Amino acid sequence: MKTYIPPRFKVERDQERCIKCQVCVNQCSFSVHSYDAEVDEVFSREENCVGCHRCVIFCPTHALNICKTPLDYRENANWRPEIIEDIIRQAESGGVLLTGMGNDKPYKVYWDHLVVNASQVTNPSIDPLREPMELRTYLGRKPERVELERGGLKLKTKVAPQLTIEAPIMFSALSYGAVSLNVHESLARAASEFGTLFNTGEGGLHRKLYKYGKNTIVQVASGRYGVHSEYLDVAAAVEIKIGQGAKPGIGGHLPGEKVSAEVSATRMIPAGTDALSPAPHHDIYSIEDLSQLIYALKEATNYTKPIIVKIAAVHNSAAIASGMVRAGADIIALDGIRGSTGAAPKIIRDNVGIPIELAIAAVDTRLRQEGIRHQASLVAAGGIRCAADVVKAVALGADAVYIGTAALIALGCTVCQQCHTGKCAWGICTTDLSLTKRINPDIGTERLVNLLRGWSHEIKDMLGGMGVNALESLRGNRLHLRAVGLSEKEMEILGVRHAGD
Amino acid sequence: MACRLCEVACLVEHSRSRDLMKAYKREKPRAVARIRVEELGPLSFAMSCRHCEEPSCVRACLTGALSKDPETGIVSIDAEKCMGCWTCILFCPHGSIVPDVERGVAAKCDFCPHLETPACIAICPNRALLLAEEKTHA
């Protein structure tokens with residue numbers, strides 16, 4: 001069928017600068033560039049271009065530029081180009097439109113409407129370069145109160161297992177299969193070098209990475225891929241994945257093309273088959289059922305590891321979170337509407353869920369009201385872009401955050417949203433061995449550790465400005481935030497006052 | 001990862017101008033790269049002179065243009081003496097000597113004497129090429 005989809009990008013090749021070295025040809029995994037020896041020229045098939053910039057970055061003479069095709073449909077606020085083209089695509093395929101990465105629609109980003117306080121005159125700010133500043137974070141169930149042994153400094157209270165991280169930032173669940181083993185290794189090594197945790201996602205853990213177990217959160221999702229006793233034993237914590245911000249209400253998708261031999265062995269599924277996780281856990285239909293799985297996992301790990309329960313942020317998150325804490329979850333992970341994915345139906349990614357900022361505030365408020373906030377730590381995910389977002393998330397009530405997209409960008413991702421195709425030209429979201437080589441775990445680890453270091457310094461700077469010397473003092477301290485341009489209702493949910501108030 | 005930027009850097013470093021644009025666009029005859037990326041499926045390998053312990057190219061050279069520096073171990077070619085008979089190319093077990101057809105001489109890796117780090121290693125974006133000195137039993 002002839003496609004009615006016009007090319008989205010235009011490849012601008014400066015012939016003056018092109019030396020025909022063909023680096024663009026060999027780096028493009030979408031077959032855009034080709035070299036014709038007969039006429040000694042490099043040509044472009046622009047309809048294949050996804051705008052990932054691999055060729056632009058690798059062109060040694062900077063002869064390439066990729067721009068949006070300046071093709072205009074007749075202006076229409078209702079029938080926008082994206083909507084028209086989605087319809088065309090479906091008319092040509094008859095299927096559900098798949099996509100990758102997080103929601104790209106212009107929903108309000110509340111981080112951008114919150115500003116942070118700083119000390120002036122009446123309370124001194126702290127210089128983090130000259131004074132100690134504490135970012136270390138402990139995640140897990142905290143005791144009601146602490147009792148000490150008589151006369152000694154020993155703790156009488158038995159404290160539930162805790163995760164210790166050096167900054168309130170962990171790597172989100174990114175499954176092996178969705179991303180390559182080299183990406184998993186980069187995340188694992190960066191987590192272990194920096195002192196934080198990475199999350200396996202639902203695709204199991206390759207045996208090669210068992211040595212990073214102390215810095216690994218292993219996931220148990222509805223498909224139970226790659227879950228076995230050794231997998232649970234090797235990890236620092238176990239996460240039950242109920243939902244994901246990019247696709248609340250449905251299970252994980254891994255297209256069969258990405259299920260290579262190694263992925264198949266790790267996931268314990270046949271090679272080449274689609275790995276479609278069931279939408280619900282078929283053994284969880286209530287909070288009581290969730291409790292059974294939590295305690296089954298606690299039993300299996302001999303009560304030595306915290307159990308995390310991750311849900312997508314949805315309308316009733318606050319009530320659900322309360323149930324999760326009561327069911328025995330030690331840590332709650334909330335994944336907001338901007339959370340990313342390796343593959344999801346576009347219609348779900350773009351329309352289901354709620355922004356993470358509102359969810360953190362609502363859940364934190366509810367758990368405090370019920371007097372059970374200390375029983376579980378709160379981890380926020382889905383659209384954390386910079387150190388300021390981390391600071392604001394903590395001030396709203398989160399104990400730590402998960403970063404996924406930001407970590408991938410550190411590795412080279414340009415958010416071109418082609419993860420579901422398995423052809424990632426940056427070698428991140430693919431299992432094609434000729435592409436996965438593009439991530440060298442040595443370089444990947446360095447880039448990720450640099451990102452974590454950079455953010456940590458910035459968090460310390462911001463804390464110092466507020467006159468706070470430990471992240472603990474900021475946690476849930478919403479007085480350090482003020483809103484700019486939010487409605488009464490939004491401020492009520494976020495629990496913040498307007499700037500100037 | 002077979003981007004072949006090492007080939008580009010090698011060619012430029014062995015050009016007259018050592019300028020990326022000039023080397024490709026203006027210089028005639030164009031310099032040749034002494035490193036070549038070979039591929040087989042997902043495997044790729046940047047092949048350049050191994051500077052063998054007992055180089056067969058040196059032994060095979062009819063004019064004595066090829067020699068191995070006893071100090072550094074670097075095998076190099078004296079273009080003045082080379083007559084372009086390609087015997088060394090026939091003898092090299094790795095296929096790492098390339099014919100510079102237009103100049104009628106053989107060309108090979110010389111470890112970039114003008115640079116601290118050979119150009120191919122410096123440009124490699126994925127640290128696939130590394131410079132390592134191997135201790136050989138004397």
# chains A, B, ... in the order shown; residues from 1 in each chain; ligands from 1

call {"tool": "residues_around", "arguments": {"residues": "Tyr107 of chain A", "least_positions_apart": "5", "cutoff": "10 Å", "atoms": "only C-alpha atoms", "output": "MDAnalysis selection string"}}
result
chainID A and resid 337:338 350:351 354:355

call {"tool": "write_last_selection", "arguments": {"atoms": "N, CA, C and O atoms", "output": "mmCIF file, in the first residue's frame"}}
result
data_model
loop_
_atom_site.group_PDB
_atom_site.id
_atom_site.type_symbol
_atom_site.label_atom_id
_atom_site.label_comp_id
_atom_site.auth_asym_id
_atom_site.auth_seq_id
_atom_site.Cartn_x
_atom_site.Cartn_y
_atom_site.Cartn_z
ATOM 1 N N ILE A 337 2.936 10.113 34.866
ATOM 2 C CA ILE A 337 2.466 10.024 33.474
ATOM 3 C C ILE A 337 3.586 10.271 32.459
ATOM 4 O O ILE A 337 3.489 9.864 31.316
ATOM 5 N N ARG A 338 4.667 10.933 32.885
ATOM 6 C CA ARG A 338 5.749 11.170 31.940
ATOM 7 C C ARG A 338 6.806 10.067 31.969
ATOM 8 O O ARG A 338 7.846 10.171 31.324
ATOM 9 N N ASP A 350 0.108 8.350 26.076
ATOM 10 C CA ASP A 350 -0.183 9.776 26.009
ATOM 11 C C ASP A 350 -1.425 10.221 26.776
ATOM 12 O O ASP A 350 -1.699 11.415 26.876
ATOM 13 N N ASN A 351 -2.205 9.264 27.282
ATOM 14 C CA ASN A 351 -3.484 9.664 27.885
ATOM 15 C C ASN A 351 -3.796 9.094 29.263
ATOM 16 O O ASN A 351 -4.799 9.465 29.856
ATOM 17 N N ILE A 354 -1.420 10.155 35.950
ATOM 18 C CA ILE A 354 -1.406 11.545 36.428
ATOM 19 C C ILE A 354 0.043 11.994 36.635
ATOM 20 O O ILE A 354 0.932 11.170 36.803
ATOM 21 N N PRO A 355 0.261 13.318 36.596
ATOM 22 C CA PRO A 355 1.635 13.814 36.791
ATOM 23 C C PRO A 355 2.201 13.403 38.152
ATOM 24 O O PRO A 355 1.490 13.409 39.154
#

call {"tool": "interface_residues", "arguments": {"of": "chain A", "to": "chain B", "cutoff": "6 Å", "atoms": "only C-alpha atoms", "output": "ChimeraX atom specification"}}
result
/A:19,23,26,433-434,437-438

call {"tool": "write_last_selection", "arguments": {"atoms": "N, CA and C atoms", "output": "short mmCIF file (atom, residue, chain, number, x, y, z; two decimals), in the first residue's frame"}}
result
data_model
loop_
_atom_site.label_atom_id
_atom_site.label_comp_id
_atom_site.auth_asym_id
_atom_site.auth_seq_id
_atom_site.Cartn_x
_atom_site.Cartn_y
_atom_site.Cartn_z
N ILE A 19 32.96 14.61 2.85
CA ILE A 19 34.16 13.99 2.28
C ILE A 19 33.87 12.54 1.85
N VAL A 23 30.77 7.54 7.11
CA VAL A 23 30.50 7.26 8.52
C VAL A 23 28.99 7.33 8.77
N ASN A 26 27.41 4.03 7.65
CA ASN A 26 27.52 2.87 8.52
C ASN A 26 26.93 3.09 9.91
N LEU A 433 23.33 -7.28 17.95
CA LEU A 433 24.71 -7.27 18.41
C LEU A 433 25.61 -6.28 17.68
N SER A 434 25.25 -5.95 16.42
CA SER A 434 26.10 -4.97 15.74
C SER A 434 25.80 -3.56 16.24
N LYS A 437 27.12 -2.94 20.52
CA LYS A 437 28.54 -2.61 20.71
C LYS A 437 28.77 -1.12 20.86
N ARG A 438 27.79 -0.34 20.41
CA ARG A 438 27.98 1.11 20.44
C ARG A 438 28.01 1.67 21.85
#

call {"tool": "residues_around", "arguments": {"residues": "Glu133 of chain B", "least_positions_apart": "5", "cutoff": "12 Å", "atoms": "only C-alpha atoms", "output": "VMD selection string"}}
result
chain B and resid 50 to 51 72 to 74

call {"tool": "closest_residue", "arguments": {"among": "A:Ile165, A:Ile87, A:Leu153, A:Val32", "to": "Cys52 of chain A", "atoms": "only C-alpha atoms"}}
result
A:Val32

call {"tool": "select_by_dssp", "arguments": {"residues": "segment 9-128 of chain B", "states": "strand (DSSP E)", "output": "number ranges by chain"}}
result
B: 36-40, 43-47, 66-68, 75-77, 98-100, 105-107

call {"tool": "write_last_selection", "arguments": {"atoms": "C-alpha atoms", "output": "JSON list (two decimals), in the first residue's frame"}}
result
[["chain", "number", "residue", "atom", "x", "y", "z"],
["B", 36, "ARG", "CA", 41.17, -0.75, 7.71],
["B", 37, "VAL", "CA", 38.06, -1.93, 9.53],
["B", 38, "GLU", "CA", 37.14, -5.46, 8.61],
["B", 39, "GLU", "CA", 33.67, -6.75, 9.29],
["B", 40, "LEU", "CA", 31.97, -10.09, 9.56],
["B", 43, "LEU", "CA", 32.05, -8.45, 14.44],
["B", 44, "SER", "CA", 34.36, -5.70, 13.35],
["B", 45, "PHE", "CA", 38.04, -5.19, 13.81],
["B", 46, "ALA", "CA", 40.29, -2.28, 12.94],
["B", 47, "MET", "CA", 43.27, -3.88, 11.28],
["B", 66, "LEU", "CA", 61.12, -1.96, 5.33],
["B", 67, "SER", "CA", 62.88, -2.18, 8.64],
["B", 68, "LYS", "CA", 62.17, -2.81, 12.27],
["B", 75, "VAL", "CA", 58.21, -1.55, 11.69],
["B", 76, "SER", "CA", 58.43, 1.30, 9.21],
["B", 77, "ILE", "CA", 58.78, 1.85, 5.51],
["B", 98, "VAL", "CA", 48.11, -1.14, 1.86],
["B", 99, "PRO", "CA", 49.16, -0.19, -1.64],
["B", 100, "ASP", "CA", 49.30, 3.54, -2.29],
["B", 105, "VAL", "CA", 54.59, 2.81, -2.84],
["B", 106, "ALA", "CA", 53.39, 0.58, -0.04],
["B", 107, "ALA", "CA", 51.96, 2.30, 3.04]]

call {"tool": "select_by_dssp", "arguments": {"residues": "segment 36-108 of chain B", "states": "helix (DSSP H, G or I)", "output": "MDAnalysis selection string"}}
result
chainID B and resid 56:60 87:91

call {"tool": "write_last_selection", "arguments": {"atoms": "N, CA and C atoms", "output": "PDB file, in the first residue's frame"}}
result
ATOM      1  N   SER B  56      57.573 -10.668   8.616  1.00  0.00           N
ATOM      2  CA  SER B  56      57.885 -11.303   7.323  1.00  0.00           C
ATOM      3  C   SER B  56      57.995 -10.266   6.210  1.00  0.00           C
ATOM      4  N   CYS B  57      57.322  -9.103   6.395  1.00  0.00           N
ATOM      5  CA  CYS B  57      57.420  -8.065   5.365  1.00  0.00           C
ATOM      6  C   CYS B  57      58.848  -7.545   5.258  1.00  0.00           C
ATOM      7  N   VAL B  58      59.494  -7.394   6.409  1.00  0.00           N
ATOM      8  CA  VAL B  58      60.878  -6.894   6.408  1.00  0.00           C
ATOM      9  C   VAL B  58      61.778  -7.898   5.694  1.00  0.00           C
ATOM     10  N   ARG B  59      61.532  -9.162   5.997  1.00  0.00           N
ATOM     11  CA  ARG B  59      62.337 -10.217   5.383  1.00  0.00           C
ATOM     12  C   ARG B  59      62.098 -10.265   3.868  1.00  0.00           C
ATOM     13  N   ALA B  60      60.845 -10.007   3.482  1.00  0.00           N
ATOM     14  CA  ALA B  60      60.481 -10.154   2.073  1.00  0.00           C
ATOM     15  C   ALA B  60      60.903  -8.953   1.226  1.00  0.00           C
ATOM     16  N   THR B  87      55.572  -6.899  -2.765  1.00  0.00           N
ATOM     17  CA  THR B  87      55.963  -8.186  -2.187  1.00  0.00           C
ATOM     18  C   THR B  87      55.590  -8.251  -0.701  1.00  0.00           C
ATOM     19  N   CYS B  88      55.805  -7.134  -0.006  1.00  0.00           N
ATOM     20  CA  CYS B  88      55.461  -7.098   1.421  1.00  0.00           C
ATOM     21  C   CYS B  88      53.977  -7.372   1.632  1.00  0.00           C
ATOM     22  N   ILE B  89      53.160  -6.837   0.728  1.00  0.00           N
ATOM     23  CA  ILE B  89      51.712  -7.024   0.842  1.00  0.00           C
ATOM     24  C   ILE B  89      51.374  -8.512   0.733  1.00  0.00           C
ATOM     25  N   LEU B  90      52.079  -9.166  -0.185  1.00  0.00           N
ATOM     26  CA  LEU B  90      51.863 -10.606  -0.348  1.00  0.00           C
ATOM     27  C   LEU B  90      52.270 -11.382   0.900  1.00  0.00           C
ATOM     28  N   PHE B  91      53.311 -10.914   1.540  1.00  0.00           N
ATOM     29  CA  PHE B  91      53.846 -11.660   2.671  1.00  0.00           C
ATOM     30  C   PHE B  91      53.165 -11.362   3.996  1.00  0.00           C
TER      31      PHE B  91
END

call {"tool": "closest_residue", "arguments": {"among": "B:Arg30, B:Ala79, B:Glu102, B:Glu134", "to": "Glu53 of chain B", "atoms": "only C-alpha atoms"}}
result
B:Glu134

call {"tool": "residues_around", "arguments": {"residues": "Asn469 of chain A", "least_positions_apart": "5", "cutoff": "10 Å", "atoms": "only C-alpha atoms", "output": "MDAnalysis selection string"}}
result
chainID A and resid 125:128 131:135 460:461 463:464 474

call {"tool": "residues_around", "arguments": {"residues": "segment 248-250 of chain A", "least_positions_apart": "4", "cutoff": "6 Å", "atoms": "only C-alpha atoms", "output": "ChimeraX atom specification"}}
result
/A:243-244,279,312

call {"tool": "residues_around", "arguments": {"residues": "Cys82 of chain B", "least_positions_apart": "2", "cutoff": "7 Å", "atoms": "only C-alpha atoms", "output": "ChimeraX atom specification"}}
result
/B:63,65,78-80,84,105

call {"tool": "write_last_selection", "arguments": {"atoms": "C-alpha atoms", "output": "CSV table (one decimal), in the first residue's frame"}}
result
chain,number,residue,atom,x,y,z
B,63,THR,CA,65.0,-3.1,-1.6
B,65,ALA,CA,62.8,-0.2,2.4
B,78,ASP,CA,61.2,4.2,3.7
B,79,ALA,CA,59.1,5.5,0.8
B,80,GLU,CA,62.3,6.6,-1.0
B,84,GLY,CA,56.0,-0.6,-5.2
B,105,VAL,CA,54.6,2.8,-2.8

call {"tool": "closest_residue", "arguments": {"among": "A:Asn117, A:Ser473, A:Ser377, A:Thr122", "to": "Arg497 of chain A", "atoms": "only C-alpha atoms"}}
result
A:Asn117

call {"tool": "atom_distance", "arguments": {"atom1": "atom CA of Leu97 of chain A", "atom2": "atom CA of Asn48 of chain A"}}
result
17.4 Å

call {"tool": "atom_distance", "arguments": {"atom1": "atom CA of Val183 of chain A", "atom2": "atom CA of Cys419 of chain A"}}
result
13.5 Å

call {"tool": "atom_distance", "arguments": {"atom1": "atom CA of Gly213 of chain A", "atom2": "atom CA of Arg447 of chain A"}}
result
20.9 Å

call {"tool": "residues_around", "arguments": {"residues": "Ile169 of chain A", "least_positions_apart": "3", "cutoff": "12 Å", "atoms": "only C-alpha atoms", "output": "number ranges by chain"}}
result
A: 135-139, 164-166, 172, 190-191, 194-199, 379-381, 384-387, 389-391, 393-394, 398-404, 406-407, 448-449, 451-456, 459

call {"tool": "closest_residue", "arguments": {"among": "A:Met1, A:Val234, A:Leu114, A:Leu276", "to": "Tyr210 of chain A", "atoms": "only C-alpha atoms"}}
result
A:Val234

call {"tool": "closest_residue", "arguments": {"among": "A:Ala313, A:Gly444, A:Val218, A:Glu262", "to": "Glu230 of chain A", "atoms": "only C-alpha atoms"}}
result
A:Val218
